[in-house]
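Undergrad: Below you'll find the structure I mean.
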Amino acid sequence: DIQGGKITFAPDVIATIASLAANEVEGVDSLGGTVVEGITGMLNKKSMTKGVKVDINDNTATIDISAIIKYGFKIHEVSTNLQRKVKSTIENMTGLEVSDVNVAIAGVNMEQTK
């Protein structure tokens with residue numbers, strides 16, 4: 001067994017995991033929107049981490065996600081599922097503790113899917 005050393009994660013790695021997990025949640029149209037981008041200046045980041053902000057402090061992560069929900073879905077239900085999915089995926093893949101997953105609803109996509 002290794003006795004020393006530590007593993008650190010770049011916030012973009014955690015943001016990418018969060019983004020992939022979020023896109024698996026039924027009712028989530030896309031991530032992004034002006035809420036998180038405007039606050040954090042993420043306009044120039046690659047699209048994979050768009051709409052996701054990550055803060056890591058002592059192996060504990062806080063995730064802020066800006067999401068656009070598909071029309072016809074219960075927003076509260078989709079948001080709760082989004083929080084659970086992102087938290088469990090990050091914790092399972094990285095071993096980090098996720099203290100909060102804050103969801104900001106940036107909009108509702110009114111286009112009907114066929």
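Chain labels run A, B, ... following the order of the structure tokens; each chain numbers its residues from 1, and ligands are numbered from 1 in the order shown.
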Please return, as a PyMOL selection string, all residues of segment 13-103 of chain A that DSSP assigns to strand (DSSP E) on the basis of the backbone.

TA: chain A and resi 28-31+52-57+60-70+97-103

Undergrad: One decimal, Å: what's the distance from atom CA of Ala67 of chain A over to atom CA of Val108 of chain A, could you say?

TA: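 It comes out at 8.7 Å.
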
Undergrad: In Å, rounded to a single decimal, give me how far atom CA of Glu24 of chain A is from atom CA of Glu77 of chain A.

TA: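 Going from atom CA of Glu77 of chain A over to atom CA of Glu24 of chain A, I get 14.3 Å.
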
Undergrad: As a PyMOL selection string, list the residues of chain A assigned to helix (DSSP H, G or I) by DSSP on the backbone atoms of this structure.

TA: chain A and resi 11-22+34-40+42-44+47-49+75-94

Undergrad: For Thr60 of chain A, list every protein, DNA or RNA residue within 6 Å, evaluated using only C-alpha atoms, and leave out those in the same chain fewer than 2 positions away; present the list as number ranges by chain.

TA: A: 56-58, 96-98

Undergrad: Keeping only C-alpha atoms, take the residues you just selected and write them out as a CSV table (one decimal), in the first residue's frame.

TA:
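Produced file result19.csv, reproduced below:
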chain,number,residue,atom,x,y,z
A,56,ILE,CA,-13.4,22.0,-4.6
A,57,ASN,CA,-12.3,22.5,-1.0
A,58,ASP,CA,-10.6,19.7,1.0
A,96,LEU,CA,-14.9,13.2,-3.6
A,97,GLU,CA,-17.8,14.2,-1.4
A,98,VAL,CA,-20.4,16.4,-3.0

Undergrad: What is the atom CA of Gly32 of chain A to atom CA of Val78 of chain A distance in Å?

TA: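 For atom CA of Gly32 of chain A relative to atom CA of Val78 of chain A, the distance reads 15.6 Å.
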
Undergrad: Choose the residue, out of A:Ile69, A:Ile17, A:Thr49, A:Lys74, that has the smallest atom-to-atom separation from Ser88 of chain A; count only C-alpha atoms.

TA: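 With only C-alpha atoms as the atom set, the closest residue is A:Ile17.
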
Undergrad: List the neighbours of Ile63 of chain A out to 12 Å using only C-alpha atoms; skip same-chain residues closer than 4 positions along the sequence, and give me the result as a count of residues only.

TA: 34

Undergrad: Pick the closest to Asn23 of chain A from A:Gly4, A:Asn59, A:Phe9, A:Lys70: which is it, counting only C-alpha atoms?

TA: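 Smallest separation from Asn23 of chain A among the options: A:Lys70.
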